[in-house]
Amino acid sequence: MQVETAGTDPAVPAGVTDPDPSTGLTESEAQRRIAEYGENILSEEHVGLARRLLGFLWGPIPWMIEISALLSAVLGHWADLVVIVLMLLINAAVGFWQEYKADTAIEALKQRLALSARVKRDGIWRDIPARRLVPGDLVAIRLGNIVPADVTLIAGDYLSVDQSALTGESLPVEKKRGDSAYSGSIARQGEMSAVVTATGMRTYFGRTAQLVEQAGAVSHFQRAVLRIGNFLILTSAALVIVIVIAGLFQHNALLEMVQFALILAVASIPVALPAVLSVTLAVGAERLARLKAIVSRLVAIEELAGMDTLCSDKTGTLTRNELTLGSVVAAPGFSVAQLLEAATLASQREAPDAIDAAILAAGPAAQMLSGYHLRSFRPFDPVAKRTEAQFEHDGRTVKVAKGAPQVIVELSAPEPGQRAAILAEVDQAAAKGYRTLAVARDEGGGWRFLGLLPLFDPPREDSAATIRATRAMGIDIKMVTGDHEAIARQIAGELDLGRNIVVADALFGEHAPAQALDQVLSADGFARVFPEHKFQIVKALQARGRIVGMTGDGVNDAPALKQADIGIAVSGATDAARAAAALILTAPGLSVITTAIEEARRIFARMTSYGTYRIAETIRLILFMTASILIYNFYPVTTIMVVLLALLNDIPIMMIAYDHAPVARGPVRWDMPRVLTVAGALGLYGVFESFVLYWIARDLLHLAGPLLQAVIFLKLLVSGHMTIYLTRNRGWAWQRPWPSWKLVVPCELTQLAGTLIVVYGVAMTPIGWGLAAFVWGYTVVSFFVANAVKVATHGLLDQRMGSHARHLRRVESPLAAPAREVPRR
């Protein structure tokens, strides 16, 4: 596929992209070019503050409120008009605040996930945010980097770039000096330096982005929100229509009836449902970020809460990733000092990885190698599986290499007897949990094998305890490692992870067994895993209905991270892995993941709590209103009371995102039948208790008209707020965790405000403190009964699920027995 080169952008003059290779741009020149060309970002449409605010006054729900206000003015109900307009403004303010909060959280996450670039300015290499790059900057591109801008390669041996997402080319493209590389492509192999030729919307990626609109799949979270919203909208609309029809038959005033119906619909329809749930996710995402776990998209929190299988990398997650050199084994004819000297020369001193750091710590100091002058250095890559360097020393060319023993043995070609001894030594070291590197040297007479370097990465101190805690959370942990199975079994045994370690190639190779899926499910870990195996492991587990988390850090892990339900880029992961992952860890260790899972389950509990509350309240309000009008031809609350109920309910609802929530003992998913059943039971009980109070007030206390309406209003307000406490958990309301003060304070303040309004008769008939105390007492007693209804409903649902599970086990056991029998020959 032909693409135009980055250097052809007419907006960037040719001289701009010819910097001094020894110093790069100066900082002052870079700032001038930022002002001239703008930041290296894709342009986004930003809506102004005034336009965003006005947007909350335009739409179906605001129109209904505005029509109600207009009808109030026509009817001369000025008090109603003031309160309805106040409702419109507060709804707009609440919606704006919720959107602002969510947007702010998402923007903060974007900043945490922003790419960085290695750039040379004022003669010094430094890391800066990629958005600060300008045309003419000198940048370094390494294995796993996402190319931060359109560039022309100017120095280095080679670079292999995956630009399939941009050009559709299925295979990586080999690049050399003078070639262009495009923003958004991924460095698969090699390392080169380059000069930036285009940034932002002037890049090939930016120009393509202007032509493409991406369609996103609907997540489990979005489907759940739609199901709850649709259920409430349809229920509310149907009952409001019933009220209107009943009013026509009862010859009520048409305008007043329409106004009441509109306001009742506004109060019943869950306008704030998507916003409240989004804010709950956004606030939770901020908490996760503080816990060193950053979500790349908010809906990933749901997948994290529901994850039941975690495939964890061994190195750096279960182990320290701090390699220590064991007992060095020098080949016959060479000393340990010669072996360590060659290994040190084949290591990168400026930016050492974990292996190089262990070798440099044990090898000779830099000043002792001052006679060696570096001519070329080829870093380790997954294909060659070795590092190679070339030096000038005493007028001779010296080459050194270190890498996988099999590769170095092939390179140096020792005698068959020595080859067998070397491989036997590697196997013995592997059985003890050591990873072994081999070293070779070439001084002009061919490569000679120098010896072996055993390396050991001990388990993290907290890994065993964290694994036990994670299993207690209902999550199956499987270790994934590229190391030999002997090393994997050694580490797994120390961590009490289980010793059923399976070689990945035996499951997914040409001779894979028919029961490979079963073996994947039963395995405690996988050894000798290549990146493509990770993808196949995820697919196999998902085929068995598992919600799979997969950790990774390399550029080749990206497909598996993308395929997993929750891809996890571990601390220190490449740009490509971070871009593919749903969760990015900024601290090492498995404990970060388990902490994130706990928090995700709390977030999910808050969302379930709000969904249950919203459904229960809608059922109670709309059914009670409909039944009162149909049976008794009595409007239990006035239009202004409905408006006040909606206003006073909005304030505590916003605080659900900050509530203390219980942590589920197992993976959680949206259980809509349970949510609807529990909410329905609470809603129907709420209708019953409201009618009981209505009968007591009417028949025993002989209240009527506006006084009776005021009593009903206070009862609906107080019991509605108490329902928030009911839906927080499955047990009794006083069980831990107790509600957060951020939820309790606004709940109680709005209840107090509503009580004062009723007692002193603001926009309604005053009832006095005596009746108010009676309503409070009745509601508190009813609260305990409602709690019992909730606990009993959950108990019945659990019992029903348990009986279903037992029945399935009885049915499946006879069917599964023949499959476990081993046929005899």
# chains A, B, ... in the order shown; residues from 1 in each chain; ligands from 1
call {"tool": "select_by_dssp", "arguments": {"residues": "range 434-654 of chain A", "states": "strand (DSSP E or B)", "output": "mmCIF file with all heavy atoms, in the first residue's frame"}}
result
data_model
loop_
_atom_site.group_PDB
_atom_site.id
_atom_site.type_symbol
_atom_site.label_atom_id
_atom_site.label_comp_id
_atom_site.auth_asym_id
_atom_site.auth_seq_id
_atom_site.Cartn_x
_atom_site.Cartn_y
_atom_site.Cartn_z
ATOM 1 N N ARG A 435 17.707 -19.412 35.785
ATOM 2 C CA ARG A 435 17.682 -19.113 34.352
ATOM 3 C C ARG A 435 19.136 -18.923 33.926
ATOM 4 O O ARG A 435 19.884 -18.174 34.572
ATOM 5 C CB ARG A 435 16.880 -17.835 34.113
ATOM 6 C CG ARG A 435 16.841 -17.399 32.667
ATOM 7 C CD ARG A 435 16.056 -16.115 32.526
ATOM 8 N NE ARG A 435 16.003 -15.672 31.152
ATOM 9 C CZ ARG A 435 15.403 -14.548 30.769
ATOM 10 N NH1 ARG A 435 14.825 -13.773 31.652
ATOM 11 N NH2 ARG A 435 15.396 -14.204 29.485
ATOM 12 N N THR A 436 19.531 -19.558 32.854
ATOM 13 C CA THR A 436 20.940 -19.566 32.479
ATOM 14 C C THR A 436 21.169 -18.850 31.158
ATOM 15 O O THR A 436 20.427 -19.051 30.190
ATOM 16 C CB THR A 436 21.451 -21.021 32.369
ATOM 17 O OG1 THR A 436 21.155 -21.713 33.579
ATOM 18 C CG2 THR A 436 22.952 -21.054 32.152
ATOM 19 N N LEU A 437 22.214 -18.006 31.131
ATOM 20 C CA LEU A 437 22.683 -17.370 29.906
ATOM 21 C C LEU A 437 24.044 -17.949 29.546
ATOM 22 O O LEU A 437 24.816 -18.351 30.432
ATOM 23 C CB LEU A 437 22.813 -15.858 30.089
ATOM 24 C CG LEU A 437 21.539 -15.045 30.303
ATOM 25 C CD1 LEU A 437 21.888 -13.562 30.407
ATOM 26 C CD2 LEU A 437 20.564 -15.263 29.177
ATOM 27 N N ALA A 438 24.329 -17.956 28.269
ATOM 28 C CA ALA A 438 25.646 -18.387 27.794
ATOM 29 C C ALA A 438 26.371 -17.191 27.198
ATOM 30 O O ALA A 438 25.748 -16.226 26.745
ATOM 31 C CB ALA A 438 25.496 -19.498 26.763
ATOM 32 N N VAL A 439 27.707 -17.263 27.202
ATOM 33 C CA VAL A 439 28.541 -16.155 26.719
ATOM 34 C C VAL A 439 29.566 -16.716 25.729
ATOM 35 O O VAL A 439 30.115 -17.816 25.933
ATOM 36 C CB VAL A 439 29.266 -15.449 27.885
ATOM 37 C CG1 VAL A 439 30.089 -14.271 27.382
ATOM 38 C CG2 VAL A 439 28.259 -14.978 28.941
ATOM 39 N N ALA A 440 29.820 -15.946 24.665
ATOM 40 C CA ALA A 440 30.830 -16.345 23.671
ATOM 41 C C ALA A 440 31.643 -15.119 23.270
ATOM 42 O O ALA A 440 31.203 -13.976 23.455
ATOM 43 C CB ALA A 440 30.168 -16.976 22.455
ATOM 44 N N ARG A 441 32.841 -15.375 22.715
ATOM 45 C CA ARG A 441 33.753 -14.287 22.317
ATOM 46 C C ARG A 441 34.427 -14.665 21.007
ATOM 47 O O ARG A 441 34.751 -15.830 20.769
ATOM 48 C CB ARG A 441 34.786 -14.053 23.421
ATOM 49 C CG ARG A 441 35.791 -12.931 23.136
ATOM 50 C CD ARG A 441 36.659 -12.696 24.355
ATOM 51 N NE ARG A 441 37.653 -11.643 24.124
ATOM 52 C CZ ARG A 441 37.918 -10.676 24.978
ATOM 53 N NH1 ARG A 441 37.270 -10.629 26.135
ATOM 54 N NH2 ARG A 441 38.844 -9.780 24.708
ATOM 55 N N ASP A 442 34.623 -13.652 20.146
ATOM 56 C CA ASP A 442 35.278 -13.865 18.849
ATOM 57 C C ASP A 442 36.355 -12.807 18.670
ATOM 58 O O ASP A 442 36.064 -11.601 18.631
ATOM 59 C CB ASP A 442 34.254 -13.771 17.721
ATOM 60 C CG ASP A 442 34.879 -13.963 16.337
ATOM 61 O OD1 ASP A 442 36.076 -14.310 16.276
ATOM 62 O OD2 ASP A 442 34.168 -13.759 15.341
ATOM 63 N N TRP A 447 33.881 -17.792 16.819
ATOM 64 C CA TRP A 447 33.247 -17.701 18.136
ATOM 65 C C TRP A 447 33.692 -18.861 19.017
ATOM 66 O O TRP A 447 33.745 -20.017 18.579
ATOM 67 C CB TRP A 447 31.726 -17.732 18.006
ATOM 68 C CG TRP A 447 31.156 -16.471 17.426
ATOM 69 C CD1 TRP A 447 30.775 -16.249 16.149
ATOM 70 C CD2 TRP A 447 30.907 -15.261 18.131
ATOM 71 N NE1 TRP A 447 30.294 -14.976 15.987
ATOM 72 C CE2 TRP A 447 30.353 -14.335 17.203
ATOM 73 C CE3 TRP A 447 31.082 -14.846 19.447
ATOM 74 C CZ2 TRP A 447 29.996 -13.046 17.554
ATOM 75 C CZ3 TRP A 447 30.717 -13.554 19.808
ATOM 76 C CH2 TRP A 447 30.185 -12.665 18.864
ATOM 77 N N ARG A 448 34.007 -18.537 20.293
ATOM 78 C CA ARG A 448 34.401 -19.560 21.261
ATOM 79 C C ARG A 448 33.498 -19.463 22.492
ATOM 80 O O ARG A 448 33.240 -18.374 23.003
ATOM 81 C CB ARG A 448 35.870 -19.382 21.667
ATOM 82 C CG ARG A 448 36.827 -19.452 20.484
ATOM 83 C CD ARG A 448 38.271 -19.435 20.948
ATOM 84 N NE ARG A 448 38.620 -20.639 21.710
ATOM 85 C CZ ARG A 448 39.796 -20.809 22.340
ATOM 86 N NH1 ARG A 448 40.711 -19.839 22.294
ATOM 87 N NH2 ARG A 448 40.045 -21.914 23.009
ATOM 88 N N PHE A 449 33.033 -20.600 22.941
ATOM 89 C CA PHE A 449 32.116 -20.653 24.086
ATOM 90 C C PHE A 449 32.903 -20.413 25.379
ATOM 91 O O PHE A 449 33.885 -21.106 25.654
ATOM 92 C CB PHE A 449 31.436 -22.025 24.129
ATOM 93 C CG PHE A 449 30.401 -22.164 25.202
ATOM 94 C CD1 PHE A 449 29.099 -21.711 24.985
ATOM 95 C CD2 PHE A 449 30.721 -22.735 26.427
ATOM 96 C CE1 PHE A 449 28.137 -21.847 25.968
ATOM 97 C CE2 PHE A 449 29.762 -22.862 27.413
ATOM 98 C CZ PHE A 449 28.461 -22.412 27.190
ATOM 99 N N LEU A 450 32.477 -19.428 26.195
ATOM 100 C CA LEU A 450 33.207 -19.063 27.407
ATOM 101 C C LEU A 450 32.611 -19.651 28.684
ATOM 102 O O LEU A 450 33.332 -19.853 29.662
ATOM 103 C CB LEU A 450 33.252 -17.534 27.562
ATOM 104 C CG LEU A 450 33.963 -16.744 26.464
ATOM 105 C CD1 LEU A 450 34.034 -15.271 26.847
ATOM 106 C CD2 LEU A 450 35.364 -17.281 26.238
ATOM 107 N N GLY A 451 31.264 -19.857 28.703
ATOM 108 C CA GLY A 451 30.687 -20.415 29.931
ATOM 109 C C GLY A 451 29.240 -19.999 30.131
ATOM 110 O O GLY A 451 28.610 -19.384 29.259
ATOM 111 N N LEU A 452 28.732 -20.341 31.316
ATOM 112 C CA LEU A 452 27.323 -20.127 31.643
ATOM 113 C C LEU A 452 27.177 -19.197 32.843
ATOM 114 O O LEU A 452 27.989 -19.234 33.776
ATOM 115 C CB LEU A 452 26.643 -21.467 31.958
ATOM 116 C CG LEU A 452 26.607 -22.488 30.823
ATOM 117 C CD1 LEU A 452 26.085 -23.834 31.347
ATOM 118 C CD2 LEU A 452 25.720 -21.998 29.685
ATOM 119 N N LEU A 453 26.111 -18.388 32.808
ATOM 120 C CA LEU A 453 25.788 -17.474 33.899
ATOM 121 C C LEU A 453 24.410 -17.848 34.455
ATOM 122 O O LEU A 453 23.395 -17.510 33.852
ATOM 123 C CB LEU A 453 25.763 -16.017 33.403
ATOM 124 C CG LEU A 453 27.030 -15.462 32.755
ATOM 125 C CD1 LEU A 453 26.760 -14.051 32.236
ATOM 126 C CD2 LEU A 453 28.176 -15.456 33.756
ATOM 127 N N PRO A 454 24.357 -18.563 35.579
ATOM 128 C CA PRO A 454 23.041 -18.879 36.167
ATOM 129 C C PRO A 454 22.474 -17.637 36.857
ATOM 130 O O PRO A 454 23.178 -16.950 37.612
ATOM 131 C CB PRO A 454 23.354 -19.983 37.180
ATOM 132 C CG PRO A 454 24.795 -20.327 36.992
ATOM 133 C CD PRO A 454 25.450 -19.176 36.330
ATOM 134 N N LEU A 455 21.205 -17.362 36.606
ATOM 135 C CA LEU A 455 20.529 -16.203 37.205
ATOM 136 C C LEU A 455 19.257 -16.679 37.896
ATOM 137 O O LEU A 455 18.551 -17.555 37.399
ATOM 138 C CB LEU A 455 20.179 -15.177 36.129
ATOM 139 C CG LEU A 455 21.367 -14.516 35.423
ATOM 140 C CD1 LEU A 455 20.929 -13.941 34.090
ATOM 141 C CD2 LEU A 455 21.976 -13.431 36.290
ATOM 142 N N PHE A 456 18.970 -16.077 39.036
ATOM 143 C CA PHE A 456 17.807 -16.489 39.816
ATOM 144 C C PHE A 456 16.995 -15.261 40.194
ATOM 145 O O PHE A 456 17.543 -14.252 40.662
ATOM 146 C CB PHE A 456 18.256 -17.232 41.075
ATOM 147 C CG PHE A 456 17.118 -17.679 41.950
ATOM 148 C CD1 PHE A 456 16.147 -18.554 41.475
ATOM 149 C CD2 PHE A 456 17.019 -17.227 43.254
ATOM 150 C CE1 PHE A 456 15.103 -18.974 42.280
ATOM 151 C CE2 PHE A 456 15.972 -17.644 44.072
ATOM 152 C CZ PHE A 456 15.011 -18.523 43.584
ATOM 153 N N PRO A 459 11.074 -15.220 44.464
ATOM 154 C CA PRO A 459 9.689 -14.748 44.591
ATOM 155 C C PRO A 459 9.619 -13.494 45.456
ATOM 156 O O PRO A 459 10.440 -13.290 46.356
ATOM 157 C CB PRO A 459 8.979 -15.928 45.277
ATOM 158 C CG PRO A 459 9.846 -17.111 45.044
ATOM 159 C CD PRO A 459 11.242 -16.587 44.974
ATOM 160 N N ASP A 476 -9.157 -17.825 40.093
ATOM 161 C CA ASP A 476 -8.201 -18.882 39.783
ATOM 162 C C ASP A 476 -6.965 -18.245 39.158
ATOM 163 O O ASP A 476 -7.074 -17.542 38.143
ATOM 164 C CB ASP A 476 -8.852 -19.877 38.816
ATOM 165 C CG ASP A 476 -7.939 -21.043 38.490
ATOM 166 O OD1 ASP A 476 -6.988 -21.287 39.250
ATOM 167 O OD2 ASP A 476 -8.177 -21.715 37.458
ATOM 168 N N ILE A 477 -5.798 -18.463 39.764
ATOM 169 C CA ILE A 477 -4.551 -17.859 39.266
ATOM 170 C C ILE A 477 -3.745 -18.913 38.525
ATOM 171 O O ILE A 477 -3.529 -20.021 39.033
ATOM 172 C CB ILE A 477 -3.711 -17.273 40.415
ATOM 173 C CG1 ILE A 477 -4.489 -16.192 41.141
ATOM 174 C CG2 ILE A 477 -2.401 -16.716 39.888
ATOM 175 C CD1 ILE A 477 -3.721 -15.541 42.258
ATOM 176 N N LYS A 478 -3.307 -18.550 37.337
ATOM 177 C CA LYS A 478 -2.459 -19.423 36.533
ATOM 178 C C LYS A 478 -1.182 -18.660 36.179
ATOM 179 O O LYS A 478 -1.254 -17.538 35.682
ATOM 180 C CB LYS A 478 -3.185 -19.863 35.263
ATOM 181 C CG LYS A 478 -4.470 -20.664 35.549
ATOM 182 C CD LYS A 478 -5.148 -21.111 34.272
ATOM 183 C CE LYS A 478 -6.470 -21.804 34.557
ATOM 184 N NZ LYS A 478 -6.298 -23.066 35.306
ATOM 185 N N MET A 479 -0.043 -19.270 36.442
ATOM 186 C CA MET A 479 1.243 -18.635 36.159
ATOM 187 C C MET A 479 1.595 -18.812 34.686
ATOM 188 O O MET A 479 1.420 -19.891 34.124
ATOM 189 C CB MET A 479 2.341 -19.224 37.037
ATOM 190 C CG MET A 479 3.702 -18.568 36.849
ATOM 191 S SD MET A 479 4.902 -19.126 38.078
ATOM 192 C CE MET A 479 5.101 -20.834 37.608
ATOM 193 N N VAL A 480 2.089 -17.747 34.074
ATOM 194 C CA VAL A 480 2.486 -17.781 32.668
ATOM 195 C C VAL A 480 3.935 -17.310 32.591
ATOM 196 O O VAL A 480 4.261 -16.215 33.067
ATOM 197 C CB VAL A 480 1.589 -16.854 31.820
ATOM 198 C CG1 VAL A 480 2.048 -16.868 30.373
ATOM 199 C CG2 VAL A 480 0.139 -17.271 31.923
ATOM 200 N N ILE A 501 2.247 -27.786 35.892
ATOM 201 C CA ILE A 501 2.760 -26.819 34.908
ATOM 202 C C ILE A 501 2.797 -27.501 33.544
ATOM 203 O O ILE A 501 3.400 -28.572 33.384
ATOM 204 C CB ILE A 501 4.168 -26.328 35.294
ATOM 205 C CG1 ILE A 501 4.168 -25.757 36.713
ATOM 206 C CG2 ILE A 501 4.652 -25.295 34.289
ATOM 207 C CD1 ILE A 501 3.254 -24.571 36.918
ATOM 208 N N VAL A 502 2.167 -26.873 32.568
ATOM 209 C CA VAL A 502 2.037 -27.456 31.236
ATOM 210 C C VAL A 502 2.898 -26.652 30.254
ATOM 211 O O VAL A 502 2.908 -25.409 30.299
ATOM 212 C CB VAL A 502 0.564 -27.434 30.769
ATOM 213 C CG1 VAL A 502 0.428 -28.062 29.394
ATOM 214 C CG2 VAL A 502 -0.313 -28.155 31.778
ATOM 215 N N VAL A 503 3.615 -27.344 29.387
ATOM 216 C CA VAL A 503 4.387 -26.677 28.336
ATOM 217 C C VAL A 503 3.415 -26.185 27.260
ATOM 218 O O VAL A 503 2.622 -26.974 26.725
ATOM 219 C CB VAL A 503 5.431 -27.633 27.733
ATOM 220 C CG1 VAL A 503 6.172 -26.960 26.582
ATOM 221 C CG2 VAL A 503 6.419 -28.081 28.808
ATOM 222 N N GLY A 525 -0.259 -23.559 35.681
ATOM 223 C CA GLY A 525 0.609 -22.595 35.017
ATOM 224 C C GLY A 525 1.070 -23.129 33.675
ATOM 225 O O GLY A 525 0.861 -24.305 33.334
ATOM 226 N N PHE A 526 1.701 -22.239 32.916
ATOM 227 C CA PHE A 526 2.165 -22.583 31.577
ATOM 228 C C PHE A 526 3.627 -22.142 31.441
ATOM 229 O O PHE A 526 3.973 -21.010 31.805
ATOM 230 C CB PHE A 526 1.306 -21.889 30.520
ATOM 231 C CG PHE A 526 -0.170 -22.150 30.680
ATOM 232 C CD1 PHE A 526 -0.963 -21.283 31.424
ATOM 233 C CD2 PHE A 526 -0.761 -23.267 30.112
ATOM 234 C CE1 PHE A 526 -2.308 -21.523 31.591
ATOM 235 C CE2 PHE A 526 -2.109 -23.516 30.279
ATOM 236 C CZ PHE A 526 -2.887 -22.641 31.015
ATOM 237 N N ALA A 527 4.468 -23.020 30.911
ATOM 238 C CA ALA A 527 5.887 -22.736 30.739
ATOM 239 C C ALA A 527 6.242 -22.696 29.261
ATOM 240 O O ALA A 527 5.483 -23.172 28.416
ATOM 241 C CB ALA A 527 6.722 -23.790 31.457
ATOM 242 N N VAL A 548 -11.480 -13.563 31.745
ATOM 243 C CA VAL A 548 -10.037 -13.767 31.851
ATOM 244 C C VAL A 548 -9.287 -12.437 31.946
ATOM 245 O O VAL A 548 -9.533 -11.514 31.168
ATOM 246 C CB VAL A 548 -9.512 -14.559 30.634
ATOM 247 C CG1 VAL A 548 -8.024 -14.854 30.789
ATOM 248 C CG2 VAL A 548 -10.294 -15.847 30.469
ATOM 249 N N GLY A 549 -8.382 -12.381 32.917
ATOM 250 C CA GLY A 549 -7.401 -11.314 32.986
ATOM 251 C C GLY A 549 -6.055 -11.851 32.567
ATOM 252 O O GLY A 549 -5.689 -12.974 32.931
ATOM 253 N N MET A 550 -5.322 -11.100 31.769
ATOM 254 C CA MET A 550 -4.005 -11.527 31.293
ATOM 255 C C MET A 550 -3.014 -10.387 31.487
ATOM 256 O O MET A 550 -3.282 -9.257 31.079
ATOM 257 C CB MET A 550 -4.070 -11.919 29.816
ATOM 258 C CG MET A 550 -2.712 -12.190 29.155
ATOM 259 S SD MET A 550 -1.818 -13.608 29.851
ATOM 260 C CE MET A 550 -2.652 -14.970 29.022
ATOM 261 N N THR A 551 -1.886 -10.684 32.124
ATOM 262 C CA THR A 551 -0.856 -9.670 32.296
ATOM 263 C C THR A 551 0.158 -9.767 31.157
ATOM 264 O O THR A 551 0.331 -10.827 30.554
ATOM 265 C CB THR A 551 -0.125 -9.826 33.635
ATOM 266 O OG1 THR A 551 0.624 -11.044 33.628
ATOM 267 C CG2 THR A 551 -1.105 -9.838 34.800
ATOM 268 N N GLY A 552 0.815 -8.667 30.881
ATOM 269 C CA GLY A 552 1.826 -8.641 29.831
ATOM 270 C C GLY A 552 2.614 -7.353 29.883
ATOM 271 O O GLY A 552 2.190 -6.376 30.500
ATOM 272 N N ILE A 566 -9.913 -8.505 30.509
ATOM 273 C CA ILE A 566 -9.233 -7.406 31.186
ATOM 274 C C ILE A 566 -7.726 -7.589 30.987
ATOM 275 O O ILE A 566 -7.084 -8.367 31.687
ATOM 276 C CB ILE A 566 -9.619 -7.332 32.691
ATOM 277 C CG1 ILE A 566 -8.921 -6.183 33.391
ATOM 278 C CG2 ILE A 566 -9.407 -8.652 33.392
ATOM 279 C CD1 ILE A 566 -9.564 -4.862 33.128
ATOM 280 N N GLY A 567 -7.189 -6.927 29.963
ATOM 281 C CA GLY A 567 -5.756 -6.960 29.701
ATOM 282 C C GLY A 567 -5.041 -6.059 30.693
ATOM 283 O O GLY A 567 -5.445 -4.914 30.910
ATOM 284 N N ILE A 568 -3.975 -6.567 31.301
ATOM 285 C CA ILE A 568 -3.271 -5.838 32.366
ATOM 286 C C ILE A 568 -1.827 -5.628 31.946
ATOM 287 O O ILE A 568 -1.059 -6.586 31.811
ATOM 288 C CB ILE A 568 -3.332 -6.611 33.696
ATOM 289 C CG1 ILE A 568 -4.792 -6.877 34.092
ATOM 290 C CG2 ILE A 568 -2.614 -5.854 34.799
ATOM 291 C CD1 ILE A 568 -4.950 -7.860 35.240
ATOM 292 N N ALA A 569 -1.442 -4.379 31.715
ATOM 293 C CA ALA A 569 -0.050 -4.050 31.413
ATOM 294 C C ALA A 569 0.669 -3.826 32.740
ATOM 295 O O ALA A 569 0.294 -2.947 33.519
ATOM 296 C CB ALA A 569 0.029 -2.795 30.543
ATOM 297 N N LEU A 583 -6.103 -2.203 31.861
ATOM 298 C CA LEU A 583 -5.617 -1.796 33.173
ATOM 299 C C LEU A 583 -4.103 -1.673 33.104
ATOM 300 O O LEU A 583 -3.428 -2.609 32.663
ATOM 301 C CB LEU A 583 -6.019 -2.824 34.236
ATOM 302 C CG LEU A 583 -5.678 -2.506 35.690
ATOM 303 C CD1 LEU A 583 -6.581 -1.390 36.212
ATOM 304 C CD2 LEU A 583 -5.831 -3.736 36.573
ATOM 305 N N ILE A 584 -3.575 -0.538 33.523
ATOM 306 C CA ILE A 584 -2.131 -0.291 33.482
ATOM 307 C C ILE A 584 -1.638 -0.121 34.903
ATOM 308 O O ILE A 584 -2.108 0.768 35.630
ATOM 309 C CB ILE A 584 -1.785 0.962 32.641
ATOM 310 C CG1 ILE A 584 -2.164 0.738 31.177
ATOM 311 C CG2 ILE A 584 -0.303 1.270 32.730
ATOM 312 C CD1 ILE A 584 -3.531 1.228 30.810
ATOM 313 N N LEU A 585 -0.716 -0.994 35.319
ATOM 314 C CA LEU A 585 -0.174 -0.933 36.672
ATOM 315 C C LEU A 585 1.061 -0.043 36.686
ATOM 316 O O LEU A 585 1.891 -0.116 35.773
ATOM 317 C CB LEU A 585 0.198 -2.337 37.164
ATOM 318 C CG LEU A 585 -0.898 -3.404 37.094
ATOM 319 C CD1 LEU A 585 -0.393 -4.708 37.692
ATOM 320 C CD2 LEU A 585 -2.160 -2.947 37.796
#
call {"tool": "closest_atom_pairs", "arguments": {"of": "range 317-411 of chain A", "to": "range 175-194 of chain A", "cutoff": "8 Å", "atoms": "only C-alpha atoms", "output": "Markdown table"}}
result
| residue | atom | partner | partner_atom | distance |
| --- | --- | --- | --- | --- |
| A:Arg378 | CA | A:Gly190 | CA | 7.7 |
| A:Pro379 | CA | A:Gly190 | CA | 7.3 |
| A:Asp381 | CA | A:Gln189 | CA | 6.3 |
call {"tool": "residues_around", "arguments": {"residues": "Asp659 in chain A", "least_positions_apart": "4", "cutoff": "8 Å", "atoms": "only C-alpha atoms", "output": "number ranges by chain"}}
result
A: 606, 655, 739-743
call {"tool": "residues_around", "arguments": {"residues": "Gln390 in chain A", "least_positions_apart": "4", "cutoff": "12 Å", "atoms": "only C-alpha atoms", "output": "VMD selection string"}}
result
chain A and resid 342 345 to 347 372 to 379 396 to 401 441 to 444
call {"tool": "atom_distance", "arguments": {"atom1": "CA of Gly395 in chain A", "atom2": "CA of Gly446 in chain A"}}
result
17.3 Å
call {"tool": "closest_residue", "arguments": {"among": "A:Pro662, A:Gly123, A:Gly371, A:Gly403", "to": "Ile603 in chain A", "atoms": "only C-alpha atoms"}}
result
A:Pro662
call {"tool": "atom_distance", "arguments": {"atom1": "CA of Gly777 in chain A", "atom2": "CA of Asn633 in chain A"}}
result
27.7 Å
call {"tool": "select_by_dssp", "arguments": {"residues": "range 177-421 of chain A", "states": "helix (DSSP H, G or I)", "output": "ChimeraX atom specification"}}
result
/A:200-202,204-209,220-249,254-268,273-290,300-306,314-318,336-345,354-362,366-369,405-412,416-421
call {"tool": "closest_residue", "arguments": {"among": "A:Ala516, A:Leu318, A:Ala472, A:Ile629", "to": "Ile491 in chain A", "atoms": "only C-alpha atoms"}}
result
A:Leu318
call {"tool": "residues_around", "arguments": {"residues": "Glu598 in chain A", "least_positions_apart": "6", "cutoff": "12 Å", "atoms": "only C-alpha atoms", "output": "PyMOL selection string"}}
result
chain A and resi 284+287-288+291+293+301-302+304-307+469-470+472-475+591-592+604-605+661-668
call {"tool": "residues_around", "arguments": {"residues": "Ala788 in chain A", "least_positions_apart": "4", "cutoff": "12 Å", "atoms": "only C-alpha atoms", "output": "list in words"}}
result
Val678, Ala681, Leu682, Tyr685, Leu726, Arg730, Gly731, Trp732, Ala733, Val781, Ser782, Phe783, Phe784, Ala792, Thr793, His794 and Gly795 of chain A
call {"tool": "closest_residue", "arguments": {"among": "A:Gln338, A:Ala772, A:Ala69, A:Asp457", "to": "Pro364 in chain A", "atoms": "only C-alpha atoms"}}
result
A:Gln338
call {"tool": "residues_around", "arguments": {"residues": "Gln490 in chain A", "least_positions_apart": "4", "cutoff": "9 Å", "atoms": "only C-alpha atoms", "output": "ChimeraX atom specification"}}
result
/A:430-433,485-486,494-495,499
call {"tool": "decode", "arguments": {"residues": "range 131-136 of chain A", "atoms": "C-alpha atoms", "output": "compact mmCIF listing (two decimals), in the first residue's frame"}}
result
# COMPACT_ATOMS: atom_id res chain seq x y z
CA ARG A 131 2.70 16.00 23.05
CA ARG A 132 5.65 18.44 23.44
CA LEU A 133 7.50 17.15 20.36
CA VAL A 134 8.04 19.57 17.46
CA PRO A 135 9.28 19.19 13.88
CA GLY A 136 13.07 18.98 13.96
